[in-house]
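Below you'll find the structure, written out as structure tokens, and then a few comments.
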Amino acid sequence: MLFDIIIVGGGPAGLTAGLYTSRARLKSLLIEKALPGGQVMTVEWVENYPGFEEGISGIELGHRMERQARRFGLEIIQGTVTEVSLHNKIKKILLEDAQVYEAKALIIATGANPKPLGIEGEERYRGRGVSYCATCDGAFFKGKNIAVIGGGNSAVQEAIFLTRFAEAVYIVHRRDELRATRIIQEEAFANPKIKFIWNSVPEKIDGGETVNALFLRNVMTGETSRLPVEGVFIYIGYIPNTGFLKGLVKLDEGNYIITDEEMSTSVPGIFAAGDVRAKSLRQIATAIGDGATATYSAEKYLEENLRDV
């Protein structure tokens, strides 16, 4: 099972890489632990990806990317990679079910998962009022009061989406201004269902069988308060999926993969693309650019180093 290129991760970066490798007639395999499309599949509506004037649902965009890559012959399998090791110039990929695949070059596009708050009650009420995906769970909170933790694009966009179901949505942010882009902020401020709780951080999630309260602490005064809500949606950042690399490539302090502008990592023949890579902007458009660049660099590496393998 020796492939020219194996791509780990099936989000926009991975699917773009797979599209390019397949069109280049390279023997390639994409390994995705869940559904092809990645985090984009949890986004209700995408308005900032070029080519879709009226926007497009995240699910539809993900499906379109997958179908396009498969049309050119990309092989996609479901599996969780647990380890990557080097055997001379060959990369050995071990899956959770003990299957092993080998490749001459490897593109890591495993993305990142939502970062937890790490407070009391969060794990206990996960799936019982605590969520990290408004698109997945928003409909369960029809007519209820909910809190959204965070002030970036994801938090504010998801808060706006949740107003379709909730009676009131409280955006809780540790600062006194949002980090989201101006156009998203304007939409949130204009929505009568959205209320803002500034300079506050969550301390505890409480309830019975399900969530019924969020305890907050004001970072300016130190005062604590109880906010009666039946749902808590958390958007405070992401944790890159790099644990399976086990020190194989260099990571930054946040455990994102360090690459150069050609998507090359510290290990020859291993490239990284998308949200798993250390960079300033993580968007669908940048992930796709990364995927294309990583494939170009991987092709060049194969031509220069592994012609006879």
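If you're wondering about the labels, chains in the structure tokens are A, B, ... by order shown, residues count from 1 in each chain, ligands from 1 in order shown.
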Exercise: Thr163 of chain A partners within 9 Å, only C-alpha atoms, chain neighbours under 3 positions left out, as JSON, numbers by chain: {"A": [138, 158, 159, 160, 166, 167, 168, 169, 191, 193, 194]}
DSSP helix (DSSP H, G or I) selection over segment 173-266 of chain A, as a list in words: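 Of segment 173-266 of chain A, the ones in helix (DSSP H, G or I) are Arg182, Ile183, Ile184, Gln185, Glu186, Glu187, Ala188, Phe189, Gly243, Phe244 and Leu245 of chain A.
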Emit the selected residues as a CSV table (one decimal), in the first residue's frame, including N, CA and C atoms.
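Ended up saving to selection16.csv:
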```
chain,number,residue,atom,x,y,z
A,182,ARG,N,-16.2,43.9,11.5
A,182,ARG,CA,-17.1,44.9,11.7
A,182,ARG,C,-18.5,44.6,11.2
A,183,ILE,N,-18.6,44.0,10.0
A,183,ILE,CA,-19.9,43.7,9.4
A,183,ILE,C,-20.7,42.7,10.2
A,184,ILE,N,-20.0,41.7,10.9
A,184,ILE,CA,-20.6,40.7,11.7
A,184,ILE,C,-21.1,41.4,13.0
A,185,GLN,N,-20.3,42.3,13.6
A,185,GLN,CA,-20.6,43.0,14.8
A,185,GLN,C,-21.9,43.8,14.5
A,186,GLU,N,-22.0,44.5,13.4
A,186,GLU,CA,-23.1,45.3,13.1
A,186,GLU,C,-24.4,44.5,13.1
A,187,GLU,N,-24.3,43.4,12.5
A,187,GLU,CA,-25.5,42.5,12.4
A,187,GLU,C,-25.9,42.0,13.8
A,188,ALA,N,-24.9,41.7,14.7
A,188,ALA,CA,-25.3,41.3,16.0
A,188,ALA,C,-25.9,42.4,16.9
A,189,PHE,N,-25.3,43.6,16.8
A,189,PHE,CA,-25.8,44.8,17.5
A,189,PHE,C,-27.2,45.1,17.1
A,243,GLY,N,-1.6,15.7,18.0
A,243,GLY,CA,-1.1,14.8,19.0
A,243,GLY,C,-0.5,13.5,18.4
A,244,PHE,N,-1.0,13.1,17.3
A,244,PHE,CA,-0.5,11.9,16.7
A,244,PHE,C,0.9,12.0,16.1
A,245,LEU,N,1.3,13.2,16.0
A,245,LEU,CA,2.7,13.4,15.4
A,245,LEU,C,3.8,13.1,16.4
```
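Among the candidates A:Pro240, A:Ala278, A:Ser264, A:Ile119, the residue lying nearest to Asp252 of chain A is A:Ala278 (atoms considered: only C-alpha atoms).
The list of residues with at least one atom within 12 Å of Asn88 of chain A, based on only C-alpha atoms and without residues fewer than 5 positions apart in the same chain, reads Glu102, Ala103, Lys104, Ala105, Val267, Pro268, Gly269, Asn305, Leu306 and Val309 of chain A.
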Would you mind exporting the chosen residues as an mmCIF file, in the first residue's frame, restricted to N, CA and C atoms?
```cif
data_model
loop_
_atom_site.group_PDB
_atom_site.id
_atom_site.type_symbol
_atom_site.label_atom_id
_atom_site.label_comp_id
_atom_site.auth_asym_id
_atom_site.auth_seq_id
_atom_site.Cartn_x
_atom_site.Cartn_y
_atom_site.Cartn_z
ATOM 1 N N GLU A 102 1.575 3.392 3.617
ATOM 2 C CA GLU A 102 2.869 4.022 3.402
ATOM 3 C C GLU A 102 2.788 5.013 2.256
ATOM 4 N N ALA A 103 3.576 6.070 2.358
ATOM 5 C CA ALA A 103 3.567 7.111 1.333
ATOM 6 C C ALA A 103 4.960 7.680 1.156
ATOM 7 N N LYS A 104 5.214 8.173 -0.044
ATOM 8 C CA LYS A 104 6.475 8.852 -0.312
ATOM 9 C C LYS A 104 6.449 10.271 0.246
ATOM 10 N N ALA A 105 5.267 10.878 0.263
ATOM 11 C CA ALA A 105 5.097 12.225 0.823
ATOM 12 C C ALA A 105 3.791 12.275 1.604
ATOM 13 N N VAL A 267 10.387 18.276 8.604
ATOM 14 C CA VAL A 267 10.764 16.954 8.100
ATOM 15 C C VAL A 267 10.587 16.918 6.588
ATOM 16 N N PRO A 268 11.627 16.623 5.838
ATOM 17 C CA PRO A 268 11.501 16.548 4.381
ATOM 18 C C PRO A 268 10.427 15.544 3.961
ATOM 19 N N GLY A 269 9.577 15.972 3.040
ATOM 20 C CA GLY A 269 8.528 15.088 2.550
ATOM 21 C C GLY A 269 7.242 15.135 3.342
ATOM 22 N N ASN A 305 13.458 13.941 -5.223
ATOM 23 C CA ASN A 305 14.042 13.046 -4.222
ATOM 24 C C ASN A 305 13.652 11.571 -4.352
ATOM 25 N N LEU A 306 12.527 11.295 -4.996
ATOM 26 C CA LEU A 306 12.020 9.914 -4.956
ATOM 27 C C LEU A 306 11.633 9.383 -6.334
ATOM 28 N N VAL A 309 11.938 5.471 -6.244
ATOM 29 C CA VAL A 309 11.339 4.701 -5.130
ATOM 30 C C VAL A 309 10.021 4.103 -5.571
#
```
With only C-alpha atoms as the atoms that count, which of A:Tyr125, A:Trp198, A:Phe161, A:Tyr132 lies nearest to Trp45 of chain A?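 Closest to Trp45 of chain A, using only C-alpha atoms: A:Phe161.
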DSSP on the backbone, then: every residue of segment 181-267 of chain A marked strand (DSSP E), written as JSON, numbers by chain. {"A": [194, 195, 196, 197, 200, 201, 202, 203, 204, 205, 206, 207, 211, 212, 213, 214, 215, 216, 217, 218, 224, 225, 226, 227, 231, 232, 233, 234, 238, 239, 240]}
Resulting file, chosen residues, N, CA and C atoms, as a PDB file, in the first residue's frame:
```pdb
ATOM      1  N   ILE A 194     -30.190  39.524  20.779  1.00  0.00           N
ATOM      2  CA  ILE A 194     -28.833  39.374  21.307  1.00  0.00           C
ATOM      3  C   ILE A 194     -28.561  40.425  22.371  1.00  0.00           C
ATOM      4  N   LYS A 195     -28.088  39.962  23.518  1.00  0.00           N
ATOM      5  CA  LYS A 195     -27.712  40.832  24.624  1.00  0.00           C
ATOM      6  C   LYS A 195     -26.244  40.569  24.951  1.00  0.00           C
ATOM      7  N   PHE A 196     -25.533  41.588  25.428  1.00  0.00           N
ATOM      8  CA  PHE A 196     -24.095  41.482  25.658  1.00  0.00           C
ATOM      9  C   PHE A 196     -23.762  41.594  27.138  1.00  0.00           C
ATOM     10  N   ILE A 197     -22.893  40.716  27.576  1.00  0.00           N
ATOM     11  CA  ILE A 197     -22.379  40.769  28.940  1.00  0.00           C
ATOM     12  C   ILE A 197     -20.871  40.955  28.821  1.00  0.00           C
ATOM     13  N   SER A 200     -16.613  39.843  31.327  1.00  0.00           N
ATOM     14  CA  SER A 200     -17.020  38.737  32.194  1.00  0.00           C
ATOM     15  C   SER A 200     -16.512  37.401  31.661  1.00  0.00           C
ATOM     16  N   VAL A 201     -16.228  36.500  32.599  1.00  0.00           N
ATOM     17  CA  VAL A 201     -15.774  35.160  32.236  1.00  0.00           C
ATOM     18  C   VAL A 201     -16.626  34.131  32.967  1.00  0.00           C
ATOM     19  N   PRO A 202     -16.885  32.987  32.342  1.00  0.00           N
ATOM     20  CA  PRO A 202     -17.661  31.937  33.002  1.00  0.00           C
ATOM     21  C   PRO A 202     -16.840  31.241  34.082  1.00  0.00           C
ATOM     22  N   GLU A 203     -17.481  30.941  35.205  1.00  0.00           N
ATOM     23  CA  GLU A 203     -16.817  30.279  36.323  1.00  0.00           C
ATOM     24  C   GLU A 203     -17.342  28.861  36.540  1.00  0.00           C
ATOM     25  N   LYS A 204     -18.626  28.651  36.227  1.00  0.00           N
ATOM     26  CA  LYS A 204     -19.247  27.361  36.519  1.00  0.00           C
ATOM     27  C   LYS A 204     -20.535  27.214  35.712  1.00  0.00           C
ATOM     28  N   ILE A 205     -20.781  26.001  35.234  1.00  0.00           N
ATOM     29  CA  ILE A 205     -22.041  25.673  34.579  1.00  0.00           C
ATOM     30  C   ILE A 205     -22.809  24.765  35.522  1.00  0.00           C
ATOM     31  N   ASP A 206     -24.069  25.113  35.776  1.00  0.00           N
ATOM     32  CA  ASP A 206     -24.841  24.374  36.778  1.00  0.00           C
ATOM     33  C   ASP A 206     -26.184  23.937  36.192  1.00  0.00           C
ATOM     34  N   GLY A 207     -26.849  23.033  36.908  1.00  0.00           N
ATOM     35  CA  GLY A 207     -28.163  22.576  36.477  1.00  0.00           C
ATOM     36  C   GLY A 207     -28.584  21.321  37.205  1.00  0.00           C
ATOM     37  N   VAL A 211     -28.615  21.832  31.759  1.00  0.00           N
ATOM     38  CA  VAL A 211     -28.133  23.138  32.208  1.00  0.00           C
ATOM     39  C   VAL A 211     -29.298  24.063  32.562  1.00  0.00           C
ATOM     40  N   ASN A 212     -29.145  24.796  33.660  1.00  0.00           N
ATOM     41  CA  ASN A 212     -30.127  25.840  33.978  1.00  0.00           C
ATOM     42  C   ASN A 212     -29.482  27.143  34.433  1.00  0.00           C
ATOM     43  N   ALA A 213     -28.137  27.163  34.530  1.00  0.00           N
ATOM     44  CA  ALA A 213     -27.488  28.403  34.962  1.00  0.00           C
ATOM     45  C   ALA A 213     -26.016  28.434  34.572  1.00  0.00           C
ATOM     46  N   LEU A 214     -25.541  29.651  34.365  1.00  0.00           N
ATOM     47  CA  LEU A 214     -24.126  29.909  34.113  1.00  0.00           C
ATOM     48  C   LEU A 214     -23.666  30.961  35.114  1.00  0.00           C
ATOM     49  N   PHE A 215     -22.632  30.630  35.880  1.00  0.00           N
ATOM     50  CA  PHE A 215     -22.102  31.574  36.861  1.00  0.00           C
ATOM     51  C   PHE A 215     -20.942  32.347  36.235  1.00  0.00           C
ATOM     52  N   LEU A 216     -20.991  33.674  36.389  1.00  0.00           N
ATOM     53  CA  LEU A 216     -20.027  34.561  35.754  1.00  0.00           C
ATOM     54  C   LEU A 216     -19.267  35.379  36.787  1.00  0.00           C
ATOM     55  N   ARG A 217     -18.052  35.781  36.392  1.00  0.00           N
ATOM     56  CA  ARG A 217     -17.269  36.694  37.230  1.00  0.00           C
ATOM     57  C   ARG A 217     -16.860  37.890  36.382  1.00  0.00           C
ATOM     58  N   ASN A 218     -17.144  39.080  36.884  1.00  0.00           N
ATOM     59  CA  ASN A 218     -16.735  40.306  36.211  1.00  0.00           C
ATOM     60  C   ASN A 218     -15.241  40.531  36.457  1.00  0.00           C
ATOM     61  N   THR A 224     -19.462  38.258  41.224  1.00  0.00           N
ATOM     62  CA  THR A 224     -20.001  37.073  40.556  1.00  0.00           C
ATOM     63  C   THR A 224     -21.513  37.203  40.413  1.00  0.00           C
ATOM     64  N   SER A 225     -22.049  36.542  39.410  1.00  0.00           N
ATOM     65  CA  SER A 225     -23.483  36.606  39.164  1.00  0.00           C
ATOM     66  C   SER A 225     -23.953  35.292  38.560  1.00  0.00           C
ATOM     67  N   ARG A 226     -25.258  35.052  38.659  1.00  0.00           N
ATOM     68  CA  ARG A 226     -25.865  33.848  38.107  1.00  0.00           C
ATOM     69  C   ARG A 226     -26.752  34.232  36.930  1.00  0.00           C
ATOM     70  N   LEU A 227     -26.459  33.646  35.771  1.00  0.00           N
ATOM     71  CA  LEU A 227     -27.243  33.914  34.576  1.00  0.00           C
ATOM     72  C   LEU A 227     -28.112  32.693  34.275  1.00  0.00           C
ATOM     73  N   GLY A 231     -28.761  26.739  27.854  1.00  0.00           N
ATOM     74  CA  GLY A 231     -27.741  26.268  26.934  1.00  0.00           C
ATOM     75  C   GLY A 231     -26.520  27.156  26.987  1.00  0.00           C
ATOM     76  N   VAL A 232     -25.337  26.544  26.806  1.00  0.00           N
ATOM     77  CA  VAL A 232     -24.080  27.289  26.778  1.00  0.00           C
ATOM     78  C   VAL A 232     -23.295  26.826  25.551  1.00  0.00           C
ATOM     79  N   PHE A 233     -23.058  27.744  24.626  1.00  0.00           N
ATOM     80  CA  PHE A 233     -22.311  27.451  23.411  1.00  0.00           C
ATOM     81  C   PHE A 233     -20.935  28.110  23.520  1.00  0.00           C
ATOM     82  N   ILE A 234     -19.891  27.330  23.306  1.00  0.00           N
ATOM     83  CA  ILE A 234     -18.529  27.774  23.617  1.00  0.00           C
ATOM     84  C   ILE A 234     -17.702  27.955  22.343  1.00  0.00           C
ATOM     85  N   TYR A 238      -9.408  27.205  19.278  1.00  0.00           N
ATOM     86  CA  TYR A 238      -9.287  25.826  18.827  1.00  0.00           C
ATOM     87  C   TYR A 238      -7.980  25.196  19.291  1.00  0.00           C
ATOM     88  N   ILE A 239      -7.976  23.880  19.328  1.00  0.00           N
ATOM     89  CA  ILE A 239      -6.777  23.108  19.651  1.00  0.00           C
ATOM     90  C   ILE A 239      -6.410  22.296  18.413  1.00  0.00           C
ATOM     91  N   PRO A 240      -5.198  22.481  17.872  1.00  0.00           N
ATOM     92  CA  PRO A 240      -4.824  21.763  16.649  1.00  0.00           C
ATOM     93  C   PRO A 240      -4.711  20.257  16.881  1.00  0.00           C
TER      94      PRO A 240
END
```
Contacts of Gly11 of chain A within 9 Å, only C-alpha atoms, excl. fewer than 5 positions in-chain, as a ChimeraX atom specification: /A:16,32,35-41,62,65,109-111,274,284,287
Take the residues just selected and output them with C-alpha atoms as a CSV table (one decimal), in the first residue's frame.
```
chain,number,residue,atom,x,y,z
A,16,THR,CA,-8.1,20.6,-2.2
A,32,GLU,CA,-10.5,11.4,7.3
A,35,LEU,CA,-17.0,13.1,7.3
A,36,PRO,CA,-15.2,14.8,4.4
A,37,GLY,CA,-15.6,18.5,4.7
A,38,GLY,CA,-14.2,19.0,8.2
A,39,GLN,CA,-15.3,22.0,10.3
A,40,VAL,CA,-17.0,23.6,7.3
A,41,MET,CA,-19.8,20.9,7.7
A,62,GLY,CA,-18.2,20.4,1.9
A,65,MET,CA,-15.6,19.7,-2.6
A,109,ALA,CA,-4.5,18.8,7.1
A,110,THR,CA,-6.1,17.6,10.3
A,111,GLY,CA,-7.4,21.0,11.3
A,274,GLY,CA,-5.1,24.5,6.7
A,284,ILE,CA,-11.8,28.3,4.2
A,287,ALA,CA,-7.1,26.5,3.8
```
With distances taken over only C-alpha atoms, which residue among A:Gly247, A:Gly237, A:Gly18, A:Gly289 lies nearest Ile107 of chain A? A:Gly18
Residues within 6 Å of Ser28 of chain A, only C-alpha atoms, excluding chain neighbours under 5 positions, as JSON, numbers by chain: {"A": [3, 4, 5, 6]}
Could you write out that same residue set with C-alpha atoms as a PDB file, in the first residue's frame?
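Okay, this is what ended up in again.pdb:
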```pdb
ATOM      1  CA  PHE A   3       1.107   5.794  -2.214  1.00  0.00           C
ATOM      2  CA  ASP A   4       2.800   8.767  -3.791  1.00  0.00           C
ATOM      3  CA  ILE A   5       0.982  11.099  -1.383  1.00  0.00           C
ATOM      4  CA  ILE A   6      -1.224  10.461   1.628  1.00  0.00           C
TER       5      ILE A   6
END
```
Pick from A:Ala17, A:Leu94, A:Leu2, A:Val219: nearest to Gly291 of chain A, with only C-alpha atoms counted?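 Residue with the minimum atom-to-atom distance to Gly291 of chain A: A:Ala17.
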Could the residues of segment 92-111 of chain A that have an atom at most 12 Å from segment 73-79 of chain A be listed as CSV, each with its closest atom pair and the distance in Å to one decimal, counting only C-alpha atoms and ordered by chain and ascending residue number?
```
residue,atom,partner,partner_atom,distance
A:Ile93,CA,A:Gly79,CA,10.9
A:Leu94,CA,A:Gly79,CA,9.7
A:Leu95,CA,A:Gly79,CA,6.4
A:Glu96,CA,A:Gly79,CA,7.0
A:Asp97,CA,A:Gly79,CA,7.8
A:Ala98,CA,A:Gly79,CA,10.1
A:Gln99,CA,A:Gly79,CA,9.2
A:Val100,CA,A:Gly79,CA,10.9
A:Tyr101,CA,A:Gly79,CA,11.4
```
Between atom CA of Tyr235 of chain A and atom CA of Val46 of chain A, what distance in Å does the model show, to one decimal?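 Distance between the two atoms: 17.3 Å.
The residue that comes closest to Arg175 of chain A, out of A:Asn199, A:Ser57, A:Ser154, A:Asn48 and on the basis of only C-alpha atoms, is A:Asn199.
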Report, in Å with one decimal, the straight-line distance from atom CA of Glu262 of chain A to atom CA of Tyr301 of chain A.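 Separating atom CA of Glu262 of chain A from atom CA of Tyr301 of chain A is a distance of 11.1 Å.
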